[in-house]
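Student: This is final.txt (compact mmCIF, C-alpha atoms).
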# COMPACT_ATOMS: atom_id res chain seq x y z
CA GLU A 486 85.23 98.97 92.77
CA THR A 487 87.75 99.43 89.95
CA GLY A 488 90.59 101.05 91.86
CA VAL A 489 90.27 104.19 89.74
CA THR A 490 89.61 107.26 91.84
CA GLN A 491 88.52 110.74 90.84
CA SER A 492 88.38 114.02 92.70
CA PRO A 493 86.42 116.01 93.47
CA THR A 494 83.07 114.21 93.39
CA HIS A 495 81.06 117.33 92.67
CA LEU A 496 82.05 120.81 91.61
CA ILE A 497 80.17 124.01 90.91
CA LYS A 498 81.87 126.71 88.86
CA THR A 499 80.88 129.96 87.22
CA ARG A 500 81.03 130.56 83.48
CA GLY A 501 84.48 131.80 82.46
CA GLN A 502 86.30 130.12 85.34
CA GLN A 503 88.87 127.35 85.08
CA VAL A 504 88.67 123.87 86.61
CA THR A 505 91.05 120.98 87.25
CA LEU A 506 89.81 117.44 87.69
CA ARG A 507 92.01 114.62 88.93
CA CYS A 508 92.20 110.90 88.31
CA SER A 509 94.31 108.12 89.80
CA SER A 510 94.63 105.12 87.56
CA GLN A 511 94.37 101.49 88.57
CA SER A 512 97.63 99.90 89.67
CA GLY A 513 99.56 98.50 86.71
CA HIS A 514 97.78 100.65 84.12
CA ASN A 515 99.75 103.13 82.02
CA THR A 516 96.90 104.75 80.08
CA VAL A 517 94.21 107.20 81.15
CA SER A 518 91.31 108.29 78.95
CA TRP A 519 88.89 111.10 79.73
CA TYR A 520 85.25 111.17 78.70
CA GLN A 521 82.48 113.75 78.99
CA GLN A 522 78.95 112.49 79.59
CA ALA A 523 76.10 114.93 79.24
CA LEU A 524 72.82 114.10 80.95
CA GLY A 525 70.99 111.30 79.16
CA GLN A 526 73.84 110.70 76.69
CA GLY A 527 76.63 108.22 76.30
CA PRO A 528 80.20 109.22 77.21
CA GLN A 529 82.18 111.12 74.58
CA PHE A 530 85.94 110.73 74.25
CA ILE A 531 87.92 113.85 75.15
CA PHE A 532 91.51 112.59 74.98
CA GLN A 533 93.87 109.88 76.12
CA TYR A 534 97.26 109.92 77.80
CA TYR A 535 99.69 107.07 77.33
CA ARG A 536 103.03 107.10 79.13
CA GLU A 537 102.70 110.84 79.84
CA GLU A 538 101.98 111.85 76.23
CA GLU A 539 98.67 112.79 74.64
CA ASN A 540 97.77 109.80 72.49
CA GLY A 541 94.57 110.78 70.72
CA ARG A 542 91.98 113.49 71.01
CA GLY A 543 88.27 113.71 70.37
CA ASN A 544 86.30 116.62 69.00
CA PHE A 545 86.90 119.01 71.90
CA PRO A 546 88.37 122.53 71.72
CA PRO A 547 91.90 123.37 72.95
CA ARG A 548 90.55 124.83 76.18
CA PHE A 549 90.27 121.18 77.25
CA SER A 550 93.79 120.09 78.15
CA GLY A 551 95.41 117.45 80.28
CA LEU A 552 98.46 116.00 81.88
CA GLN A 553 99.68 112.59 82.89
CA PHE A 554 102.25 112.20 85.63
CA PRO A 555 105.05 109.61 86.04
CA ASN A 556 102.82 107.57 88.36
CA TYR A 557 100.22 107.56 85.52
CA SER A 558 97.69 109.67 87.39
CA SER A 559 96.14 112.39 85.27
CA GLU A 560 94.53 115.82 85.30
CA LEU A 561 91.89 117.31 83.05
CA ASN A 562 91.88 121.10 82.83
CA VAL A 563 89.10 123.12 81.32
CA ASN A 564 89.56 126.87 80.76
CA ALA A 565 86.93 129.52 80.09
CA LEU A 566 84.08 127.32 81.27
CA GLU A 567 80.84 127.43 79.32
CA LEU A 568 77.37 126.37 80.44
CA ASP A 569 77.51 123.39 78.04
CA ASP A 570 80.53 122.06 79.93
CA SER A 571 78.15 120.95 82.68
CA ALA A 572 78.44 117.17 82.62
CA LEU A 573 79.80 114.08 84.32
CA TYR A 574 83.52 113.72 83.60
CA LEU A 575 84.78 110.18 83.65
CA CYS A 576 88.32 108.93 83.55
CA ALA A 577 89.20 105.38 82.63
CA SER A 578 92.46 103.54 82.99
CA SER A 579 93.73 100.66 80.89
CA TRP A 580 96.86 98.87 79.85
CA GLY A 581 98.01 99.99 76.43
CA GLY A 582 97.35 103.13 74.44
CA GLN A 583 94.51 101.89 72.31
CA GLY A 584 90.80 101.27 72.71
CA ASN A 585 91.31 97.57 72.23
CA TYR A 586 91.44 96.86 75.92
CA GLU A 587 88.73 96.96 78.52
CA GLN A 588 88.75 100.22 80.38
CA TYR A 589 88.21 100.65 84.09
CA PHE A 590 86.19 103.73 84.95
CA GLY A 591 86.27 105.91 88.02
CA PRO A 592 83.09 107.16 89.71
CA GLY A 593 83.21 110.47 87.86
CA THR A 594 83.22 114.16 88.73
CA ARG A 595 79.96 115.99 88.24
CA LEU A 596 80.67 119.54 87.07
CA THR A 597 77.97 122.18 87.12
CA VAL A 598 78.64 125.48 85.40
CA THR A 599 76.33 128.37 86.32
CA SER B 820 79.63 111.57 67.43
CA GLN B 821 78.06 108.29 68.54
CA GLN B 822 78.81 105.17 66.56
CA GLY B 823 76.63 102.78 68.51
CA GLU B 824 72.87 102.98 68.65
CA GLU B 825 71.15 101.04 71.38
CA ASP B 826 67.65 99.72 71.07
CA PRO B 827 65.38 100.08 72.93
CA GLN B 828 66.17 103.37 74.64
CA ALA B 829 64.23 102.21 77.69
CA LEU B 830 63.09 98.77 78.84
CA SER B 831 60.94 97.86 81.84
CA ILE B 832 60.41 94.20 82.82
CA GLN B 833 59.44 92.11 85.81
CA GLU B 834 62.03 90.54 88.05
CA GLY B 835 62.92 87.07 86.84
CA GLU B 836 62.30 87.84 83.17
CA ASN B 837 65.03 88.06 80.55
CA ALA B 838 66.16 91.42 79.16
CA THR B 839 67.57 91.86 75.68
CA MET B 840 69.28 95.02 74.46
CA ASN B 841 70.59 95.60 70.97
CA CYS B 842 73.40 97.72 69.61
CA SER B 843 74.16 98.68 66.03
CA TYR B 844 77.30 100.38 64.79
CA LYS B 845 78.55 101.85 61.55
CA THR B 846 82.21 101.04 60.92
CA SER B 847 84.46 98.00 61.15
CA ILE B 848 85.57 97.30 64.69
CA ASN B 849 88.32 95.52 66.59
CA ASN B 850 86.05 94.75 69.52
CA LEU B 851 82.76 95.72 71.11
CA GLN B 852 82.30 96.19 74.83
CA TRP B 853 79.26 96.43 77.08
CA TYR B 854 79.19 98.60 80.19
CA ARG B 855 76.68 99.18 82.97
CA GLN B 856 76.11 102.50 84.72
CA ASN B 857 74.16 102.94 87.93
CA SER B 858 72.50 106.28 88.67
CA GLY B 859 74.85 108.45 86.60
CA ARG B 860 77.99 107.21 88.27
CA GLY B 861 81.02 105.35 86.88
CA LEU B 862 80.73 102.67 84.22
CA VAL B 863 81.35 99.04 85.04
CA HIS B 864 82.84 96.82 82.35
CA LEU B 865 80.68 93.75 81.64
CA ILE B 866 82.00 91.94 78.57
CA LEU B 867 84.44 92.50 75.69
CA ILE B 868 83.80 90.57 72.49
CA ARG B 869 86.34 90.63 69.67
CA SER B 870 85.43 90.96 66.01
CA ASN B 871 86.33 87.32 65.34
CA GLU B 872 84.03 86.05 68.10
CA ARG B 873 80.31 85.43 67.73
CA GLU B 874 79.16 84.82 71.31
CA LYS B 875 80.44 85.22 74.86
CA HIS B 876 78.99 84.38 78.23
CA SER B 877 79.63 85.74 81.68
CA GLY B 878 77.36 84.50 84.44
CA ARG B 879 73.82 85.61 83.55
CA LEU B 880 75.05 87.68 80.62
CA ARG B 881 75.22 86.55 77.02
CA VAL B 882 76.59 88.77 74.26
CA THR B 883 76.38 88.07 70.56
CA LEU B 884 78.15 89.86 67.73
CA ASP B 885 77.20 89.82 64.05
CA THR B 886 79.83 91.75 62.14
CA SER B 887 78.02 91.27 58.82
CA LYS B 888 75.04 93.17 60.24
CA LYS B 889 77.21 95.43 62.42
CA SER B 890 75.12 94.58 65.45
CA SER B 891 75.40 93.10 68.92
CA SER B 892 72.97 92.04 71.58
CA LEU B 893 73.20 91.75 75.35
CA LEU B 894 70.94 89.25 77.08
CA ILE B 895 70.50 89.31 80.83
CA THR B 896 68.76 86.19 82.07
CA ALA B 897 66.71 85.85 85.25
CA SER B 898 66.82 89.58 85.90
CA ARG B 899 67.12 90.99 89.42
CA ALA B 900 66.24 94.39 90.90
CA ALA B 901 69.98 95.08 91.15
CA ASP B 902 70.23 94.90 87.34
CA THR B 903 68.35 98.21 87.13
CA ALA B 904 70.83 100.51 85.39
CA SER B 905 71.77 102.03 82.04
CA TYR B 906 73.62 99.75 79.65
CA PHE B 907 76.00 101.04 76.99
CA CYS B 908 77.73 99.40 74.09
CA ALA B 909 81.08 100.82 73.05
CA THR B 910 83.15 100.04 69.98
CA ALA B 911 86.89 100.09 69.49
CA THR B 912 88.38 100.27 66.02
CA GLN B 913 91.81 98.97 65.08
CA GLY B 914 94.56 101.35 66.12
CA ALA B 915 92.18 103.85 67.69
CA GLN B 916 92.68 105.19 71.16
CA LYS B 917 89.07 105.72 72.06
CA LEU B 918 85.89 103.87 72.79
CA VAL B 919 82.83 105.19 70.98
CA PHE B 920 79.68 104.81 73.03
CA GLY B 921 76.04 104.63 72.10
CA GLN B 922 73.35 106.52 73.96
CA GLY B 923 72.46 103.56 76.15
CA THR B 924 69.44 101.51 77.17
CA ARG B 925 67.82 102.36 80.47
CA LEU B 926 66.72 99.07 82.07
CA THR B 927 64.24 98.98 84.94
CA ILE B 928 63.52 95.73 86.78
CA ASN B 929 60.21 95.81 88.65
CA PRO B 930 59.87 93.64 91.78
Turn the structure described in the file into structure tokens.

Tutor:
Amino acid sequence: ETGVTQSPTHLIKTRGQQVTLRCSSQSGHNTVSWYQQALGQGPQFIFQYYREEENGRGNFPPRFSGLQFPNYSSELNVNALELDDSALYLCASSWGGQGNYEQYFGPGTRLTVT
Amino acid sequence: SQQGEEDPQALSIQEGENATMNCSYKTSINNLQWYRQNSGRGLVHLILIRSNEREKHSGRLRVTLDTSKKSSSLLITASRAADTASYFCATATQGAQKLVFGQGTRLTINP
């Protein structure tokens, strides 16, 4: 157990809808990164939040957005859902706003878009 | 895009045998990390090896890094059924915010 929690565990949405996923970081960590993992693939970096500011973004369209709160928990919002958004969404917390530290992953939210 | 490429994509061995997985990457890195994932759930951090290190151990795990060949290997000794999982390498470059993962090796330990 890493101390990183995510909610919900599973979610089914319809194409065109919007979704919000939540992540609580491990105590003492000030950075949350979000990753998308399609079936059979490795995780792909969506973006990172460091001290409530976006601190780097992967190759994802603007309809993927996020927030980080003063307690360092975070939300991932996806608008206008597409079928290809079906994936496991992982958040990871760490200390420091770079990839040079080990990251502690939550159990993930499995999103299915129909 | 994936920087790391794991080899093999799938590995099946008998309990008690050693398992070796390899990872190759393309650009200079600050560190390389190995993670384990059970049944499509969250990733568990195993080992972080920095670019100036050549080998690290943690229990039954041994990781090597060859920056001249841009490759790393993960050795699991005396494998157990509980080691059945997918294993991913992930690279971090200097100043970058993200980890870049490979596609993983699916390891099956047969009793």

Student: Please build the interface table for chain A against chain B with a cut-off of 6 Å, listing for each qualifying residue the nearest atom pair and the distance in Å to one decimal; count all atoms listed in the file, order rows by chain and increasing number, and write it as a Markdown table.

Tutor:
| residue | atom | partner | partner_atom | distance |
| --- | --- | --- | --- | --- |
| A:Gln526 | CA | B:Gln922 | CA | 5.0 |
| A:Gly527 | CA | B:Gln922 | CA | 4.4 |
| A:Gly541 | CA | B:Gln916 | CA | 5.9 |
| A:Gln583 | CA | B:Gln916 | CA | 3.9 |
| A:Gly584 | CA | B:Gln916 | CA | 4.6 |
| A:Asn585 | CA | B:Ala911 | CA | 5.8 |
| A:Phe590 | CA | B:Leu862 | CA | 5.6 |
| A:Gly591 | CA | B:Gly861 | CA | 5.4 |
| A:Pro592 | CA | B:Gly861 | CA | 3.9 |
| A:Gly593 | CA | B:Gly861 | CA | 5.7 |

Student: What does the structure give for the distance between CA of Ala565 (chain A) and CA of Tyr534 (chain A), in Å to one decimal?

Tutor: 22.3 Å

Student: Using the file's own x, y and z axes, so that the box edges lie along x, y and z, what centre and edge lengths in Å (one decimal) does a box around every listed atom of region 514-532 of chain A get when 6 Å is added on each side? Give it as JSON.

Tutor:
{"center_x": 85.4, "center_y": 107.8, "center_z": 79.2, "size_x": 40.8, "size_y": 26.3, "size_z": 21.9}

Student: Do a neighbour search on Ser892 (chain B) at 6 Å with all atoms listed in the file, toss out local chain neighbours closer than 5 positions, and write the hits as a PyMOL selection string.

Tutor: chain B and resi 840-841+882-883

Student: Check the smallest atom-to-atom distance from each of A:Gly501, A:Pro555, A:Pro493, A:Gly488 to Tyr535 (chain A) using all atoms listed in the file, then report the winner.

Tutor: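 Of A:Gly501, A:Pro555, A:Pro493, A:Gly488, the one nearest Tyr535 (chain A), counting all atoms listed in the file, is A:Pro555.
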
Student: Residues around (61.2, 97.8, 80.0), cut-off 10 Å, counting only C-alpha atoms - what are they as a ChimeraX atom specification?

Tutor: /B:827-833,838-839,924-929

Student: Please, could you write that set of residues out with C-alpha atoms as a PDB file, in the frame of the given file?

Tutor:
ATOM      1  CA  PRO B 827      65.380 100.080  72.930  1.00  0.00           C
ATOM      2  CA  GLN B 828      66.170 103.370  74.640  1.00  0.00           C
ATOM      3  CA  ALA B 829      64.230 102.210  77.690  1.00  0.00           C
ATOM      4  CA  LEU B 830      63.090  98.770  78.840  1.00  0.00           C
ATOM      5  CA  SER B 831      60.940  97.860  81.840  1.00  0.00           C
ATOM      6  CA  ILE B 832      60.410  94.200  82.820  1.00  0.00           C
ATOM      7  CA  GLN B 833      59.440  92.110  85.810  1.00  0.00           C
ATOM      8  CA  ALA B 838      66.160  91.420  79.160  1.00  0.00           C
ATOM      9  CA  THR B 839      67.570  91.860  75.680  1.00  0.00           C
ATOM     10  CA  THR B 924      69.440 101.510  77.170  1.00  0.00           C
ATOM     11  CA  ARG B 925      67.820 102.360  80.470  1.00  0.00           C
ATOM     12  CA  LEU B 926      66.720  99.070  82.070  1.00  0.00           C
ATOM     13  CA  THR B 927      64.240  98.980  84.940  1.00  0.00           C
ATOM     14  CA  ILE B 928      63.520  95.730  86.780  1.00  0.00           C
ATOM     15  CA  ASN B 929      60.210  95.810  88.650  1.00  0.00           C
TER      16      ASN B 929
END

Student: Kindly give the distance, in Å, that separates CA of Ser847 (chain B) and CA of Asn544 (chain A), rounded to a single decimal.

Tutor: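 Those two atoms sit 20.3 Å apart.
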